[in-house]
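Trainee: Sharing target-v9.txt, compact mmCIF, C-alpha atoms:
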```
# COMPACT_ATOMS: atom_id res chain seq x y z
CA MET A 1 23.26 1.67 33.66
CA PHE A 2 19.45 1.67 33.84
CA ALA A 3 19.20 0.14 30.36
CA LYS A 4 21.58 -2.68 31.35
CA LYS A 5 19.60 -3.45 34.53
CA SER A 6 16.35 -3.41 32.59
CA LYS A 7 17.81 -5.81 30.03
CA THR A 8 18.92 -8.24 32.78
CA ILE A 9 15.45 -8.18 34.35
CA SER A 10 13.85 -8.73 30.95
CA SER A 11 16.09 -11.75 30.18
CA TRP A 12 15.31 -13.27 33.58
CA GLY A 13 11.63 -12.67 32.90
CA ALA A 14 11.92 -14.52 29.60
CA VAL A 15 13.71 -17.45 31.30
CA PHE A 16 11.01 -17.56 33.96
CA ALA A 17 8.21 -17.42 31.37
CA TRP A 18 9.73 -20.26 29.31
CA ALA A 19 10.38 -22.39 32.41
CA PHE A 20 6.80 -21.79 33.52
CA LEU A 21 5.46 -22.79 30.10
CA ALA A 22 7.66 -25.92 30.02
CA GLY A 23 6.43 -26.92 33.49
CA LEU A 24 2.84 -26.42 32.45
CA LEU A 25 3.31 -28.52 29.31
CA ALA A 26 4.98 -31.29 31.37
CA LEU A 27 2.02 -31.29 33.75
CA VAL A 28 -0.45 -31.56 30.87
CA ALA A 29 1.62 -34.39 29.34
CA ILE A 30 1.60 -36.33 32.62
CA GLN A 31 -2.15 -35.88 32.98
CA LEU A 32 -2.78 -36.95 29.39
CA ASN A 33 -0.53 -39.98 29.77
CA SER A 34 -2.28 -41.18 32.91
CA ALA A 35 -5.71 -40.57 31.34
CA GLN A 36 -4.82 -42.61 28.24
CA ARG A 37 -3.28 -45.58 30.03
CA GLY A 38 -6.58 -47.46 30.03
CA VAL A 39 -7.68 -50.29 32.28
CA LEU A 40 -5.07 -52.49 34.02
CA THR A 41 -4.03 -55.28 31.72
CA ARG A 42 -2.90 -58.88 32.22
CA GLY A 43 0.58 -59.24 33.68
CA GLU A 44 0.66 -55.84 35.36
CA PRO A 45 1.25 -55.89 39.12
CA ALA A 46 -2.03 -55.42 40.95
CA PRO A 47 -2.25 -52.19 42.92
CA GLU A 48 -2.16 -52.47 46.69
CA PHE A 49 -5.37 -51.47 48.44
CA THR A 50 -7.10 -51.52 51.77
CA LEU A 51 -10.86 -51.91 52.01
CA THR A 52 -12.99 -51.59 55.11
CA THR A 53 -16.08 -53.72 54.65
CA PHE A 54 -19.62 -52.71 55.57
CA GLU A 55 -19.17 -54.92 58.66
CA GLY A 56 -15.99 -53.05 59.66
CA GLU A 57 -13.49 -55.77 58.70
CA VAL A 58 -10.28 -54.37 57.20
CA ILE A 59 -8.90 -56.18 54.15
CA GLY A 60 -5.36 -55.15 53.34
CA PRO A 61 -2.41 -56.43 51.30
CA GLU A 62 -1.48 -58.91 54.06
CA ASN A 63 -4.83 -60.67 53.56
CA LEU A 64 -4.20 -61.14 49.84
CA VAL A 65 -0.71 -62.64 49.85
CA GLY A 66 -0.54 -66.09 48.23
CA LYS A 67 -4.20 -66.06 47.25
CA VAL A 68 -6.12 -65.79 44.04
CA VAL A 69 -8.14 -62.60 44.55
CA LEU A 70 -11.22 -61.61 42.59
CA VAL A 71 -11.89 -57.88 42.85
CA ASN A 72 -15.34 -56.95 41.61
CA PHE A 73 -16.39 -53.31 41.16
CA TRP A 74 -20.15 -52.83 41.43
CA ALA A 75 -22.87 -50.39 42.50
CA SER A 76 -26.46 -50.77 43.61
CA TRP A 77 -27.65 -48.41 40.85
CA CYS A 78 -25.91 -50.50 38.18
CA LYS A 79 -28.34 -52.76 36.33
CA PRO A 80 -25.72 -54.93 34.55
CA CYS A 81 -24.19 -55.66 37.99
CA GLU A 82 -27.40 -57.47 38.90
CA GLN A 83 -26.88 -59.91 36.01
CA GLU A 84 -23.70 -61.31 37.54
CA ALA A 85 -24.51 -60.98 41.26
CA ALA A 86 -25.94 -64.50 41.67
CA ALA A 87 -23.13 -66.14 39.64
CA LEU A 88 -20.47 -64.37 41.72
CA GLN A 89 -22.09 -65.52 44.97
CA SER A 90 -22.32 -69.12 43.65
CA ALA A 91 -18.64 -69.01 42.70
CA TRP A 92 -17.72 -67.70 46.14
CA GLU A 93 -19.63 -70.56 47.81
CA LEU A 94 -17.64 -72.93 45.60
CA TYR A 95 -14.19 -71.53 46.41
CA GLU A 96 -14.57 -70.24 49.98
CA PRO A 97 -13.81 -73.62 51.69
CA ARG A 98 -10.43 -73.86 49.88
CA GLY A 99 -8.98 -70.86 51.70
CA ASP A 100 -6.70 -69.78 48.86
CA VAL A 101 -9.29 -67.81 46.94
CA LEU A 102 -10.72 -64.49 48.10
CA PHE A 103 -13.53 -62.46 46.61
CA VAL A 104 -13.67 -58.73 47.35
CA GLY A 105 -16.59 -56.54 46.32
CA VAL A 106 -15.76 -52.87 45.89
CA ASP A 107 -18.84 -50.66 46.00
CA TYR A 108 -18.29 -47.70 43.65
CA ALA A 109 -19.92 -44.25 44.06
CA ASP A 110 -22.82 -45.70 45.97
CA THR A 111 -24.98 -44.88 48.98
CA GLN A 112 -24.80 -47.21 51.95
CA ASN A 113 -28.51 -48.00 52.48
CA GLU A 114 -29.00 -48.99 48.83
CA ALA A 115 -25.73 -50.95 48.79
CA LEU A 116 -26.72 -52.96 51.86
CA ALA A 117 -30.17 -53.60 50.38
CA TYR A 118 -28.50 -54.87 47.18
CA LEU A 119 -26.23 -57.25 49.12
CA LYS A 120 -29.23 -58.55 51.05
CA ARG A 121 -31.32 -58.97 47.90
CA PHE A 122 -28.67 -61.15 46.23
CA ALA A 123 -27.65 -62.85 49.52
CA ILE A 124 -24.01 -61.90 48.93
CA THR A 125 -21.70 -63.12 51.71
CA TYR A 126 -18.19 -62.39 50.43
CA PRO A 127 -16.48 -59.25 51.81
CA ASN A 128 -17.88 -56.04 50.39
CA GLY A 129 -17.18 -52.44 51.28
CA PRO A 130 -17.46 -48.88 50.02
CA ASP A 131 -14.60 -47.48 47.97
CA LEU A 132 -13.97 -44.45 50.18
CA GLY A 133 -12.70 -41.53 48.14
CA ILE A 134 -12.96 -43.76 45.02
CA ARG A 135 -9.30 -44.63 45.53
CA ILE A 136 -9.39 -48.35 44.66
CA TYR A 137 -11.38 -47.71 41.48
CA TYR A 138 -8.76 -45.21 40.26
CA ALA A 139 -5.87 -47.46 41.38
CA PHE A 140 -7.22 -50.22 39.13
CA ARG A 141 -7.86 -47.64 36.40
CA ALA A 142 -11.39 -48.97 36.09
CA ARG A 143 -13.72 -47.25 33.62
CA GLY A 144 -17.15 -48.27 34.87
CA VAL A 145 -19.15 -50.96 36.62
CA PRO A 146 -19.28 -53.89 36.62
CA GLU A 147 -15.60 -54.59 36.12
CA THR A 148 -13.72 -57.55 37.59
CA PHE A 149 -10.00 -58.11 38.05
CA ILE A 150 -8.61 -61.51 39.05
CA ILE A 151 -5.17 -61.38 40.67
CA ASN A 152 -2.95 -64.46 40.70
CA LYS A 153 -0.93 -65.74 43.67
CA LEU A 154 2.07 -63.68 42.55
CA GLY A 155 0.09 -60.48 42.87
CA GLU A 156 -0.27 -59.88 39.12
CA VAL A 157 -3.44 -59.09 37.23
CA ALA A 158 -4.28 -62.35 35.47
CA PHE A 159 -7.78 -61.71 34.15
CA VAL A 160 -9.85 -58.63 33.40
CA LYS A 161 -13.58 -58.65 32.72
CA ILE A 162 -15.24 -55.48 31.49
CA GLY A 163 -18.99 -55.82 31.95
CA PRO A 164 -20.91 -58.58 33.68
CA PHE A 165 -19.95 -62.27 33.74
CA GLU A 166 -22.33 -64.26 31.59
CA SER A 167 -22.32 -67.38 33.74
CA LEU A 168 -20.80 -69.23 36.68
CA ASP A 169 -18.68 -71.25 34.22
CA GLU A 170 -17.02 -68.10 32.95
CA ILE A 171 -15.92 -67.23 36.49
CA THR A 172 -14.72 -70.73 37.39
CA MET A 173 -12.79 -71.06 34.12
CA ALA A 174 -10.92 -67.85 34.88
CA ILE A 175 -10.10 -68.88 38.46
CA ASP A 176 -9.38 -72.59 37.99
CA ARG A 177 -6.46 -72.07 35.63
CA LEU A 178 -4.81 -69.87 38.29
CA LEU A 179 -5.16 -72.60 40.90
CA GLU A 180 -3.51 -75.31 38.84
CA PRO A 181 -0.13 -76.35 40.30
CA MET B 4 -67.57 -35.85 82.05
CA LYS B 5 -66.15 -39.35 81.72
CA SER B 6 -66.31 -39.24 77.91
CA LEU B 7 -64.51 -35.88 77.96
CA ALA B 8 -61.70 -37.40 80.03
CA VAL B 9 -61.41 -40.35 77.63
CA SER B 10 -61.28 -37.97 74.64
CA LEU B 11 -58.58 -35.87 76.29
CA LEU B 12 -56.59 -39.00 77.04
CA LEU B 13 -56.90 -40.14 73.41
CA VAL B 14 -55.78 -36.73 72.12
CA LEU B 15 -52.86 -36.78 74.54
CA MET B 16 -51.79 -40.27 73.42
CA LEU B 17 -52.06 -39.25 69.78
CA GLY B 18 -49.92 -36.19 70.49
CA ILE B 19 -47.26 -38.32 72.19
CA PHE B 20 -47.29 -40.76 69.26
CA VAL B 21 -46.87 -38.01 66.66
CA ALA B 22 -44.10 -36.34 68.70
CA SER B 23 -42.16 -39.59 69.13
CA ALA B 24 -42.55 -40.41 65.41
CA ALA B 25 -41.16 -36.97 64.52
CA ALA B 26 -38.28 -37.43 66.95
CA GLN B 27 -37.44 -40.79 65.37
CA GLU B 28 -37.38 -39.22 61.93
CA GLY B 29 -34.80 -36.73 63.19
CA GLY B 30 -36.42 -33.60 61.77
CA PRO B 31 -38.73 -32.29 59.06
CA THR B 32 -38.31 -33.61 55.53
CA PRO B 33 -36.24 -31.05 53.58
CA HIS B 34 -37.79 -29.24 50.63
CA PRO B 35 -36.44 -30.35 47.21
CA ASP B 36 -35.12 -26.79 46.71
CA GLU B 37 -32.94 -27.17 49.81
CA VAL B 38 -31.59 -30.45 48.46
CA ASN B 39 -30.98 -28.99 45.00
CA ALA B 40 -29.21 -25.92 46.43
CA ILE B 41 -26.58 -28.28 47.80
CA ALA B 42 -26.74 -30.74 44.90
CA ARG B 43 -25.88 -28.05 42.35
CA ASN B 44 -22.47 -27.72 43.99
CA LEU B 45 -21.73 -31.42 43.61
CA TYR B 46 -20.89 -33.66 40.66
CA CYS B 47 -21.23 -37.43 40.61
CA PRO B 48 -18.26 -39.23 39.00
CA VAL B 49 -20.56 -41.35 36.82
CA CYS B 50 -21.98 -38.44 34.82
CA ALA B 51 -19.15 -36.17 33.76
CA ASN B 52 -19.81 -32.42 33.83
CA VAL B 53 -23.47 -32.72 34.87
CA PRO B 54 -24.28 -31.09 38.22
CA LEU B 55 -26.05 -33.38 40.66
CA ASP B 56 -29.23 -31.27 40.79
CA VAL B 57 -29.99 -31.80 37.08
CA CYS B 58 -28.44 -35.24 36.56
CA GLY B 59 -31.04 -37.85 35.64
CA THR B 60 -29.26 -41.12 36.41
CA ALA B 61 -30.21 -43.54 39.18
CA ALA B 62 -26.85 -42.91 40.88
CA CYS B 63 -27.54 -39.17 41.08
CA ALA B 64 -31.09 -39.76 42.36
CA GLN B 65 -29.58 -41.86 45.17
CA TRP B 66 -27.05 -39.15 45.97
CA ARG B 67 -29.81 -36.50 46.15
CA GLN B 68 -31.73 -38.78 48.50
CA GLN B 69 -28.55 -39.06 50.55
CA ILE B 70 -28.42 -35.25 50.82
CA ALA B 71 -32.07 -35.20 51.94
CA ASP B 72 -31.33 -37.89 54.57
CA LEU B 73 -28.34 -35.97 55.89
CA LEU B 74 -30.34 -32.72 56.07
CA THR B 75 -33.04 -34.60 58.00
CA GLN B 76 -30.35 -35.82 60.39
CA GLY B 77 -29.39 -32.18 61.03
CA TYR B 78 -26.20 -31.96 58.95
CA THR B 79 -25.20 -28.44 57.90
CA GLU B 80 -24.38 -27.65 54.26
CA GLN B 81 -20.63 -27.74 54.95
CA GLN B 82 -20.93 -31.04 56.82
CA ILE B 83 -22.72 -32.53 53.82
CA TYR B 84 -19.92 -31.41 51.47
CA ASP B 85 -17.37 -32.88 53.89
CA TYR B 86 -19.31 -36.16 53.99
CA PHE B 87 -19.39 -36.39 50.19
CA VAL B 88 -15.68 -35.60 49.90
CA GLN B 89 -14.88 -38.30 52.46
CA GLN B 90 -17.07 -40.84 50.66
CA TYR B 91 -16.33 -40.03 47.02
CA GLY B 92 -13.22 -37.84 46.97
CA PRO B 93 -12.69 -34.10 46.35
CA SER B 94 -13.53 -34.36 42.65
CA VAL B 95 -17.25 -34.35 43.54
CA LEU B 96 -17.04 -30.68 44.49
CA ALA B 97 -17.92 -28.06 41.87
CA THR B 98 -15.27 -25.78 43.39
CA PRO B 99 -12.07 -27.72 44.09
CA PRO B 100 -10.52 -27.12 47.52
CA ALA B 101 -7.51 -24.79 47.49
CA SER B 102 -4.84 -27.35 48.37
CA GLY B 103 -2.02 -29.26 46.64
CA PHE B 104 -2.11 -29.10 42.84
CA ASN B 105 -5.51 -27.41 43.00
CA TRP B 106 -3.68 -24.18 43.89
CA LEU B 107 -2.71 -24.00 40.21
CA ILE B 108 -6.36 -23.45 39.28
CA TYR B 109 -6.47 -20.38 41.49
CA LEU B 110 -2.98 -19.04 40.79
CA LEU B 111 -2.54 -19.76 37.10
CA PRO B 112 -5.23 -17.50 35.54
CA PRO B 113 -4.23 -14.34 37.49
CA ALA B 114 -0.54 -15.11 36.85
CA VAL B 115 -1.17 -15.48 33.11
CA VAL B 116 -3.20 -12.25 33.02
CA LEU B 117 -0.46 -10.44 34.95
CA LEU B 118 2.30 -11.72 32.66
CA GLY B 119 0.21 -10.90 29.60
CA ALA B 120 -0.35 -7.36 30.86
CA LEU B 121 3.38 -7.00 31.52
CA PHE B 122 4.36 -8.15 28.02
CA LEU B 123 1.65 -6.04 26.44
CA SER B 124 2.73 -2.91 28.29
CA ARG B 125 6.37 -3.52 27.32
CA GLY B 126 5.37 -4.10 23.73
CA LEU B 127 3.32 -0.91 23.66
CA LEU B 128 6.15 1.12 25.17
CA ASN B 129 8.63 -0.20 22.57
CA TRP B 130 6.19 0.41 19.78
CA LYS B 131 5.75 4.00 20.97
CA CYS B 132 9.44 4.74 21.49
CA LYS B 133 11.09 3.02 18.55
CA PRO B 134 9.76 5.23 15.68
CA ALA B 135 10.96 8.36 17.50
CA LYS B 136 14.41 6.85 17.97
CA ARG B 137 14.51 5.70 14.40
CA GLN B 138 13.46 9.17 13.16
CA LEU B 139 16.17 10.78 15.28
CA ALA B 140 18.80 8.34 14.03
CA HIS B 141 17.66 8.97 10.45
CA LYS B 142 17.80 12.73 10.96
CA LYS B 143 21.24 12.45 12.54
CA SER B 144 22.62 10.33 9.73
CA ALA B 145 21.10 12.67 7.14
CA LYS B 146 22.65 15.66 8.90
CA ASP B 147 26.02 13.91 9.08
CA LYS B 148 25.86 13.20 5.38
CA TYR B 149 25.22 16.88 4.52
CA ALA B 150 27.89 18.06 6.96
CA GLN B 151 30.38 15.69 5.45
CA HIS B 152 29.42 16.85 1.96
CA LEU B 153 29.80 20.48 3.02
CA GLU B 154 33.18 19.87 4.55
CA ASP B 155 34.34 18.04 1.43
CA GLU B 156 33.20 20.99 -0.72
CA LEU B 157 34.99 23.51 1.51
CA ARG B 158 38.13 21.40 1.50
CA ALA B 159 38.05 21.23 -2.28
CA ARG B 160 37.67 25.03 -2.62
CA ARG B 161 40.65 25.65 -0.33
```
Rewrite the structure of this file - the entire thing - as structure tokens.

Mentor:
Amino acid sequence: MFAKKSKTISSWGAVFAWAFLAGLLALVAIQLNSAQRGVLTRGEPAPEFTLTTFEGEVIGPENLVGKVVLVNFWASWCKPCEQEAAALQSAWELYEPRGDVLFVGVDYADTQNEALAYLKRFAITYPNGPDLGIRIYYAFRARGVPETFIINKLGEVAFVKIGPFESLDEITMAIDRLLEP
Amino acid sequence: MKSLAVSLLLVLMLGIFVASAAAQEGGPTPHPDEVNAIARNLYCPVCANVPLDVCGTAACAQWRQQIADLLTQGYTEQQIYDYFVQQYGPSVLATPPASGFNWLIYLLPPAVVLLGALFLSRGLLNWKCKPAKRQLAHKKSAKDKYAQHLEDELRARR
């Protein structure tokens, strides 16, 4: 009687141990898969995000519909970001009057005073805000700064730039082809 | 007498100036050790696995300055951790908060140790018991063999 009960407990223990191990392996597999997916690529739907700018303006999915959106990840401590800052601002001044192009600066792992000083130094006027909780950065599966994603009017990632833009022409070339009818 | 009054007035004005300057600052500048005591419990996402107190990048230097600024503003240690979690997410903490999937970190090691101990103890018990059983079974079978042989002999003699 006792031996039978003990055997039942032992077989349930084995089932539990194997189920536990399988669950653990599944968890590791999911983590590994998400870690190895790499940066968002062209054609993938752009992740939805909401950014509150340093001025308190909220930019959400409703502000992006039907627009070409340039999402630039930057930080004040990032030296390569400085190389493209002026070109990005020039491009914004070029496209802002059209109304169908939006630039969004996402400040990654930064401190507010230094970020504001950076924006002032490069006279940047397009919407910029801190990436609270680093959620937008992870949603775009970014791997560093600067990184820029251009989203077409259908809400798909149409262009990815790892590292700084070399010139204003490089930015306009990427955007213009998305504005063609 | 007049010069004494002027001097006193000057000293008083200087005192008021220093006091107002200190009040504007928000408090005394924290010692680097105070900053590092908090920084060693934080990790910046830019430099993987390097605690903030020893990390040499510009980003980490800015974060340490941020800690100093918050201490000057009168934030407590816990309030500073909360601020950093709100700004940069829970992964900045050296000790993850016990919530959601993070519970696994706290539950898994003791559970594995417990299960290991259970299997080990069972294994040891079996290892200890089995030879005795086997010996008994062997003895019994040997005895049966002789008994059978004896009975066969007796049967043959009858």

Trainee: Taking only C-alpha atoms into account, which residues of chain A are within 8 Å of chain B, as a list in words?

Mentor: Trp77, Ala109, Asp110, Thr111, Asp131, Leu132, Gly133, Ile134, Arg135 and Gly144 of chain A

Trainee: Find the residues around stretch 86-100 of chain A up to 10 Å (all atoms listed in the file counted), leave out those fewer than 6 positions away in its own chain, and share them as a list in words.

Mentor: Leu64, Val65, Gly66, Lys67, Val68, Val69, Leu70, Asn72, Arg121, Phe122, Ala123, Ile124, Thr125, Tyr126, Lys153, Pro164, Phe165, Glu166, Ser167, Leu168, Asp169, Glu170, Ile171, Thr172, Ile175, Asp176 and Leu179 of chain A

Trainee: Between atom CA of A:Cys81 and atom CA of B:Asp85, what is the distance in Å, rounded to a tenth?

Mentor: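 According to the coordinates, atom CA of A:Cys81 and atom CA of B:Asp85 are separated by 28.6 Å.
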
Trainee: Which polymer residues have any atom within 10 Å of an atom of A:Gln112, counting all atoms listed in the file, with same-chain residues fewer than 6 positions away left out, as a JSON list (two decimals) with C-alpha atoms, in the coordinates of the input?

Mentor:
```json
[["chain", "number", "residue", "atom", "x", "y", "z"],
["A", 54, "PHE", "CA", -19.62, -52.71, 55.57],
["A", 76, "SER", "CA", -26.46, -50.77, 43.61],
["A", 118, "TYR", "CA", -28.50, -54.87, 47.18],
["A", 129, "GLY", "CA", -17.18, -52.44, 51.28],
["A", 130, "PRO", "CA", -17.46, -48.88, 50.02],
["B", 65, "GLN", "CA", -29.58, -41.86, 45.17],
["B", 69, "GLN", "CA", -28.55, -39.06, 50.55]]
```

Trainee: How many Å separate atom CA of B:Tyr46 from atom CA of B:Tyr84?

Mentor: 11.1 Å

Trainee: Pick out the residues sitting within 10 Å of A:Thr41, and hand them over as a PyMOL selection string; count only C-alpha atoms, and ignore anything fewer than 4 positions along from it in its own chain.

Mentor: chain A and resi 37+45-46+140-141+149+156-160

Trainee: Quick one: pull the distance between atom CA of B:Leu121 and atom CA of B:Ile108, Å, one decimal.

Mentor: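 Value for the atom CA of B:Leu121-atom CA of B:Ile108 distance: 20.6 Å.
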
Trainee: Go through B:Gly119, B:Ile70, B:Gln82, B:Leu110 and flag the residue nearest B:Pro35, using all atoms listed in the file for the distances.

Mentor: B:Ile70

Trainee: From the options A:Glu180, A:Met173, A:Ile150, A:Val145, which residue's atoms come nearest to A:Arg42, counting all atoms listed in the file?

Mentor: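 The shortest atom-to-atom distance to A:Arg42 comes from A:Ile150.
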